[in-house]
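Participant: Could you have a look at this structure, given as structure tokens, before my questions?
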Number of protein chains: 2
Amino acid sequence: MDNIVFDFLSDYLKISEEEMENISQQNVIKSFKKGTVLLSEGEIANECYFVLKGCVYSYYVMEGEVKVTEFYTEKQPVTNVSYTTKKPSEYYLECLEDSIIAISTSERSKELLSKVPRLSDVSTIVLGDQLANQQMKYDDFIILSAEKRYQKLQEKSPDLLNRIPQYLIASYLGIKPESLSRIRKRLVK
Amino acid sequence: MDNIVFDFLSDYLKISEEEMENISQQNVIKSFKKGTVLLSEGEIANECYFVLKGCVYSYYVMEGEVKVTEFYTEKQPVTNVSYTTKKPSEYYLECLEDSIIAISTSERSKELLSKVPRLSDVSTIVLGDQLANQQMKYDDFIILSAEKRYQKLQEKSPDLLNRIPQYLIASYLGIKPESLSRIRKRLVK
DNA sequence: TTAATTTCTTAACCCAAGTCAACGAAAAGG
DNA sequence: CCTTTTCGTTGACTTGGGTTAAGAAATTAA
């Protein structure tokens, strides 16, 4: 499973055998059953996650209603406000499928960074990329209609539409399942 | 004007006289007239900005229509996707007021970081904070109605409502000026 | 396989925001 | 100062998404 981590890192730099060794030793990898809650509302996160296999999603519960904000699949770091701010989380992180996940903590990250200092450049770049992505995601949401957002999702991540139930896709798009049904009907014509 | 930069930095660490000296020397500060476009759609950004005084806003132009995505005021770093990705910008950055702005480039940042290495921790923290903020902003947009978003803006940044024209606030909230008018009318009752 | 449960679709009706248009208020320019 | 433009509000009408409810389709469990 480690090779997925190296695959991800090698987008940013070439890694030596020795560094690989250090990273492997530091890596804590766990399996979770579908439905496992990794972080609950109200909890303070002391772990951060990287999805190796499966799918994790984040959602708020507002007046009993689930509002999905993101899906994280293979090779994706899970952004986690509570882990950054050390304040109680306002949302949940849950496994949508049986998943294999690399887990880190502040302590382990520091330790790893001291052994492989070059990784700090990677983390800066990854953070910057995540910020840029997050901003683009937000901008799309403001700029585009629900219908356009669905079409864009179809283009950019058709895989998500297959592996994720439609009512969660609807929530992710900011609409109700019934509306997504109507949009899909409109579009097939 | 430098003191605003130090004020910002001192939220993250104590700065020595010598470091201040280095930072001051490296700092490029410019004044801009209201309406000055700092970055146009299609341009690749090679500068990044930090607002010392005044106000900068980011907006897309979609089919001739302006869609505001953010206002940046005193003591705020301006996030800039194009600066990170080195791809043509999809949006504009423009001064909404006469503004005084600290400007950096990749080269100058590197130089400064080599002189004051401690700043790299700050930049990581600031990046992390920005990511967390951006995510919270997105989540609010998905979760809340236009009316709730307006109320939240009123609470959190009443200053913006005074200094920024309403049709731009409306755009920022993702609605039309007419709708914002109606929301305001509904709320005074 | 069948039964139970979950997910998806459709229809009828409602409402908030969009559109178009008009008009008054405020700012900007001369 | 008055004129011109920009900005904010209001009204009438349209529209896309929400709500409720029912049934069909697809999963899951027995």
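By order of appearance in the structure tokens: chains A, B, ..., then residues from 1 within every chain, and ligands from 1 in the order shown.
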Based on only C-alpha atoms (C1' of nucleotides), which of the residues in chain B come within 8 Å of chain C? I want them as a list in words.
Facilitator: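 Listed by rising number, the hits are Ile175, Lys176 and Ser179 of chain B.
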Participant: Determine which residues of stretch 5-189 of chain A DSSP labels as helix (DSSP H, G or I) from the backbone of this structure, then write them out as an MDAnalysis selection string.
Facilitator: chainID A and resid 5:9 17:26 81:85 106:115 119:143 146:156 158:163 166:173 177:188
Participant: Using only C-alpha atoms, determine which residues of chain A fall within 9 Å of chain B; present them as a PyMOL selection string.
Facilitator: chain A and resi 60+62+67-69+79-82+84-85+123-125+127-139+141-143+171-174
Participant: Dump C-alpha atoms for the selected residues as a PDB file, in the first residue's frame?
Facilitator:
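Once everything was written out, this is result.pdb:
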```pdb
ATOM      1  CA  TYR A  60     -22.221  18.717   8.127  1.00  0.00           C
ATOM      2  CA  MET A  62     -27.685  20.855   9.897  1.00  0.00           C
ATOM      3  CA  LYS A  67     -24.736  18.408   3.764  1.00  0.00           C
ATOM      4  CA  VAL A  68     -21.809  16.857   1.899  1.00  0.00           C
ATOM      5  CA  THR A  69     -18.852  19.131   1.210  1.00  0.00           C
ATOM      6  CA  THR A  79      -8.153  18.500   4.418  1.00  0.00           C
ATOM      7  CA  ASN A  80      -9.286  18.916   7.974  1.00  0.00           C
ATOM      8  CA  VAL A  81     -10.024  22.304   9.498  1.00  0.00           C
ATOM      9  CA  SER A  82     -10.054  21.008  13.064  1.00  0.00           C
ATOM     10  CA  THR A  84      -5.293  22.887  11.605  1.00  0.00           C
ATOM     11  CA  THR A  85      -7.187  25.079  14.053  1.00  0.00           C
ATOM     12  CA  SER A 123       4.109  19.860   2.233  1.00  0.00           C
ATOM     13  CA  THR A 124       4.285  23.549   1.313  1.00  0.00           C
ATOM     14  CA  ILE A 125       3.529  22.759  -2.313  1.00  0.00           C
ATOM     15  CA  LEU A 127      -0.779  22.966   0.924  1.00  0.00           C
ATOM     16  CA  GLY A 128      -0.572  25.591  -1.826  1.00  0.00           C
ATOM     17  CA  ASP A 129      -2.181  23.213  -4.314  1.00  0.00           C
ATOM     18  CA  GLN A 130      -4.942  22.377  -1.887  1.00  0.00           C
ATOM     19  CA  LEU A 131      -5.598  26.061  -1.296  1.00  0.00           C
ATOM     20  CA  ALA A 132      -5.746  26.726  -5.035  1.00  0.00           C
ATOM     21  CA  ASN A 133      -8.071  23.741  -5.541  1.00  0.00           C
ATOM     22  CA  GLN A 134     -10.308  24.759  -2.702  1.00  0.00           C
ATOM     23  CA  GLN A 135     -10.563  28.248  -4.116  1.00  0.00           C
ATOM     24  CA  MET A 136     -11.414  26.965  -7.581  1.00  0.00           C
ATOM     25  CA  LYS A 137     -14.062  24.703  -6.072  1.00  0.00           C
ATOM     26  CA  TYR A 138     -15.592  27.663  -4.251  1.00  0.00           C
ATOM     27  CA  ASP A 139     -15.482  29.850  -7.316  1.00  0.00           C
ATOM     28  CA  PHE A 141     -19.940  26.993  -6.788  1.00  0.00           C
ATOM     29  CA  ILE A 142     -20.586  30.742  -6.900  1.00  0.00           C
ATOM     30  CA  ILE A 143     -20.301  31.057 -10.639  1.00  0.00           C
ATOM     31  CA  SER A 171     -26.036  17.096  -1.486  1.00  0.00           C
ATOM     32  CA  TYR A 172     -22.498  17.765  -2.716  1.00  0.00           C
ATOM     33  CA  LEU A 173     -23.930  19.889  -5.529  1.00  0.00           C
ATOM     34  CA  GLY A 174     -25.982  21.826  -2.987  1.00  0.00           C
TER      35      GLY A 174
END
```
Participant: Restrict the calculation to only C-alpha atoms (C1' of nucleotides), then for each residue of chain A with any atom at most 12 Å from an atom of chain D give the closest atom pair and their distance in Å to one decimal, rows by chain and rising residue number, as a Markdown table.
Facilitator:
```
| residue | atom | partner | partner_atom | distance |
| --- | --- | --- | --- | --- |
| A:Ser145 | CA | D:DG16 | C1' | 9.8 |
| A:Ala146 | CA | D:DG17 | C1' | 9.3 |
| A:Glu147 | CA | D:DG16 | C1' | 10.1 |
| A:Pro165 | CA | D:DA26 | C1' | 11.5 |
| A:Ala170 | CA | D:DG17 | C1' | 11.9 |
| A:Gly174 | CA | D:DG17 | C1' | 10.3 |
| A:Ile175 | CA | D:DG17 | C1' | 7.4 |
| A:Lys176 | CA | D:DG18 | C1' | 7.6 |
| A:Pro177 | CA | D:DG18 | C1' | 10.4 |
| A:Glu178 | CA | D:DG18 | C1' | 9.0 |
| A:Ser179 | CA | D:DG17 | C1' | 6.4 |
| A:Leu180 | CA | D:DG17 | C1' | 9.6 |
| A:Ser181 | CA | D:DG17 | C1' | 11.5 |
| A:Arg182 | CA | D:DG17 | C1' | 9.8 |
| A:Ile183 | CA | D:DG16 | C1' | 10.1 |
```
Participant: Write the residues of the selection above to a file with C-alpha atoms, as a short mmCIF file (atom, residue, chain, number, x, y, z; two decimals), in the first residue's frame.
Facilitator:
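Written file, result.cif:
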```cif
data_model
loop_
_atom_site.label_atom_id
_atom_site.label_comp_id
_atom_site.auth_asym_id
_atom_site.auth_seq_id
_atom_site.Cartn_x
_atom_site.Cartn_y
_atom_site.Cartn_z
CA SER A 145 -25.71 26.84 -11.78
CA ALA A 146 -26.49 23.46 -10.23
CA GLU A 147 -26.89 22.04 -13.73
CA PRO A 165 -25.04 7.27 -4.44
CA ALA A 170 -27.01 15.92 -4.94
CA GLY A 174 -25.98 21.83 -2.99
CA ILE A 175 -29.38 20.55 -4.15
CA LYS A 176 -31.95 17.89 -3.24
CA PRO A 177 -32.03 14.41 -4.80
CA GLU A 178 -35.30 15.28 -6.55
CA SER A 179 -33.70 18.27 -8.22
CA LEU A 180 -30.75 16.21 -9.40
CA SER A 181 -33.21 13.74 -10.88
CA ARG A 182 -34.87 16.57 -12.80
CA ILE A 183 -31.52 17.93 -13.97
#
```
Participant: Give me the residues near A:Val5 as a JSON list (two decimals) with N, CA and C atoms, in the first residue's frame, where near means some atom within 12 Å (using only C-alpha atoms (C1' of nucleotides)) and where sequence neighbours in that chain fewer than 6 positions away do not count.
Facilitator:
```
[["chain", "number", "residue", "atom", "x", "y", "z"],
["A", 11, "ASP", "N", 5.25, 12.77, -7.59],
["A", 11, "ASP", "CA", 4.79, 13.90, -8.42],
["A", 11, "ASP", "C", 5.55, 15.17, -8.04],
["A", 12, "TYR", "N", 6.12, 15.19, -6.84],
["A", 12, "TYR", "CA", 6.74, 16.41, -6.34],
["A", 12, "TYR", "C", 8.26, 16.34, -6.29],
["A", 15, "ILE", "N", 12.54, 10.36, -4.80],
["A", 15, "ILE", "CA", 12.80, 9.89, -3.44],
["A", 15, "ILE", "C", 13.85, 8.78, -3.48],
["A", 20, "MET", "N", 12.72, 6.45, 1.34],
["A", 20, "MET", "CA", 11.56, 5.56, 1.28],
["A", 20, "MET", "C", 11.47, 4.75, 2.56],
["A", 23, "ILE", "N", 10.21, 6.87, 5.40],
["A", 23, "ILE", "CA", 8.79, 7.17, 5.25],
["A", 23, "ILE", "C", 7.95, 5.95, 5.59],
["A", 24, "SER", "N", 8.35, 4.80, 5.07],
["A", 24, "SER", "CA", 7.62, 3.56, 5.34],
["A", 24, "SER", "C", 7.51, 3.28, 6.83],
["A", 26, "GLN", "N", 7.62, 5.33, 9.23],
["A", 26, "GLN", "CA", 6.81, 6.33, 9.91],
["A", 26, "GLN", "C", 5.32, 6.19, 9.60],
["A", 27, "ASN", "N", 5.05, 5.54, 8.49],
["A", 27, "ASN", "CA", 3.67, 5.47, 7.99],
["A", 27, "ASN", "C", 2.78, 4.54, 8.81],
["A", 28, "VAL", "N", 1.68, 5.07, 9.30],
["A", 28, "VAL", "CA", 0.71, 4.23, 9.98],
["A", 28, "VAL", "C", -0.48, 4.04, 9.04],
["A", 29, "ILE", "N", -0.73, 2.81, 8.69],
["A", 29, "ILE", "CA", -1.79, 2.53, 7.72],
["A", 29, "ILE", "C", -2.84, 1.64, 8.36],
["A", 49, "TYR", "N", -5.37, 12.56, 7.52],
["A", 49, "TYR", "CA", -5.53, 11.35, 6.72],
["A", 49, "TYR", "C", -5.11, 11.52, 5.27],
["A", 50, "PHE", "N", -4.71, 10.38, 4.72],
["A", 50, "PHE", "CA", -4.40, 10.32, 3.30],
["A", 50, "PHE", "C", -5.03, 9.04, 2.78],
["A", 51, "VAL", "N", -5.93, 9.17, 1.81],
["A", 51, "VAL", "CA", -6.68, 8.00, 1.35],
["A", 51, "VAL", "C", -5.83, 7.16, 0.39],
["A", 52, "LEU", "N", -5.61, 5.90, 0.73],
["A", 52, "LEU", "CA", -4.87, 5.00, -0.14],
["A", 52, "LEU", "C", -5.82, 4.21, -1.02],
["A", 53, "LYS", "N", -6.94, 3.81, -0.44],
["A", 53, "LYS", "CA", -7.93, 3.04, -1.18],
["A", 53, "LYS", "C", -9.30, 3.29, -0.57],
["A", 74, "GLU", "N", -8.74, 7.75, -3.78],
["A", 74, "GLU", "CA", -7.35, 7.30, -3.88],
["A", 74, "GLU", "C", -6.37, 8.47, -4.13],
["A", 75, "LYS", "N", -5.28, 8.46, -3.39],
["A", 75, "LYS", "CA", -4.19, 9.42, -3.57],
["A", 75, "LYS", "C", -4.57, 10.84, -3.16],
["A", 76, "GLN", "N", -5.57, 10.99, -2.29],
["A", 76, "GLN", "CA", -5.95, 12.35, -1.87],
["A", 76, "GLN", "C", -5.74, 12.58, -0.37],
["A", 77, "PRO", "N", -5.08, 13.70, -0.04],
["A", 77, "PRO", "CA", -4.98, 14.09, 1.35],
["A", 77, "PRO", "C", -6.32, 14.70, 1.78],
["A", 100, "ILE", "N", -8.66, 2.04, 2.98],
["A", 100, "ILE", "CA", -7.32, 1.89, 3.57],
["A", 100, "ILE", "C", -6.70, 3.28, 3.61],
["A", 101, "ILE", "N", -6.29, 3.70, 4.79],
["A", 101, "ILE", "CA", -5.95, 5.10, 5.01],
["A", 101, "ILE", "C", -4.63, 5.24, 5.75],
["A", 102, "ALA", "N", -3.78, 6.16, 5.25],
["A", 102, "ALA", "CA", -2.54, 6.49, 5.96],
["A", 102, "ALA", "C", -2.88, 7.58, 6.96],
["A", 103, "ILE", "N", -2.40, 7.41, 8.19],
["A", 103, "ILE", "CA", -2.77, 8.32, 9.26],
["A", 103, "ILE", "C", -1.53, 9.00, 9.82]]
```
Participant: Using DSSP on the backbone coordinates, identify all residues within stretch 26-158 of chain B classified as strand (DSSP E or B); present the result as a PyMOL selection string.
Facilitator: chain B and resi 28-32+37-39+48-53+56-62+65-72+76-78+92-95+99-104
Participant: I'd like the contact shell of stretch 33-46 of chain B - 6 Å cut-off, only C-alpha atoms (C1' of nucleotides), skipping same-chain residues fewer than 2 positions apart - returned as a PyMOL selection string.
Facilitator: chain B and resi 82-83+86-98
Participant: Filtering to N, CA and C atoms, could you give me those residues as a short mmCIF file (atom, residue, chain, number, x, y, z; two decimals), in the first residue's frame?
Facilitator:
```
data_model
loop_
_atom_site.label_atom_id
_atom_site.label_comp_id
_atom_site.auth_asym_id
_atom_site.auth_seq_id
_atom_site.Cartn_x
_atom_site.Cartn_y
_atom_site.Cartn_z
N SER B 82 -3.40 31.74 -9.81
CA SER B 82 -2.45 31.78 -10.93
C SER B 82 -1.01 31.85 -10.44
N TYR B 83 -0.78 32.56 -9.35
CA TYR B 83 0.56 32.67 -8.78
C TYR B 83 1.06 31.30 -8.34
N LYS B 86 0.83 28.89 -11.85
CA LYS B 86 1.56 29.42 -13.02
C LYS B 86 0.77 29.21 -14.33
N LYS B 87 -0.55 29.08 -14.18
CA LYS B 87 -1.41 29.02 -15.36
C LYS B 87 -2.15 30.34 -15.50
N PRO B 88 -2.67 30.66 -16.70
CA PRO B 88 -3.38 31.93 -16.88
C PRO B 88 -4.52 32.08 -15.88
N SER B 89 -4.65 33.25 -15.33
CA SER B 89 -5.68 33.48 -14.33
C SER B 89 -7.06 33.45 -14.96
N GLU B 90 -8.03 32.92 -14.23
CA GLU B 90 -9.39 32.91 -14.75
C GLU B 90 -10.19 34.08 -14.19
N TYR B 91 -9.55 34.85 -13.31
CA TYR B 91 -10.27 35.97 -12.71
C TYR B 91 -9.40 37.21 -12.60
N TYR B 92 -10.02 38.31 -12.22
CA TYR B 92 -9.34 39.58 -12.09
C TYR B 92 -9.05 39.90 -10.62
N LEU B 93 -8.00 40.66 -10.39
CA LEU B 93 -7.75 41.27 -9.08
C LEU B 93 -7.71 42.77 -9.31
N GLU B 94 -8.52 43.51 -8.59
CA GLU B 94 -8.62 44.95 -8.83
C GLU B 94 -8.76 45.71 -7.53
N CYS B 95 -8.22 46.94 -7.52
CA CYS B 95 -8.35 47.79 -6.34
C CYS B 95 -9.74 48.42 -6.31
N LEU B 96 -10.44 48.19 -5.23
CA LEU B 96 -11.78 48.73 -5.07
C LEU B 96 -11.70 50.13 -4.48
N GLU B 97 -10.56 50.43 -3.82
CA GLU B 97 -10.30 51.74 -3.23
C GLU B 97 -8.85 52.09 -3.56
N ASP B 98 -8.48 53.34 -3.36
CA ASP B 98 -7.06 53.68 -3.38
C ASP B 98 -6.38 52.78 -2.36
#
```
Participant: If you measure from atom CA of B:Leu113 to atom CA of A:Ser109, what distance in Å do you get, rounded to one decimal?
Facilitator: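 Calculated distance between atom CA of B:Leu113 and atom CA of A:Ser109 is 21.9 Å.
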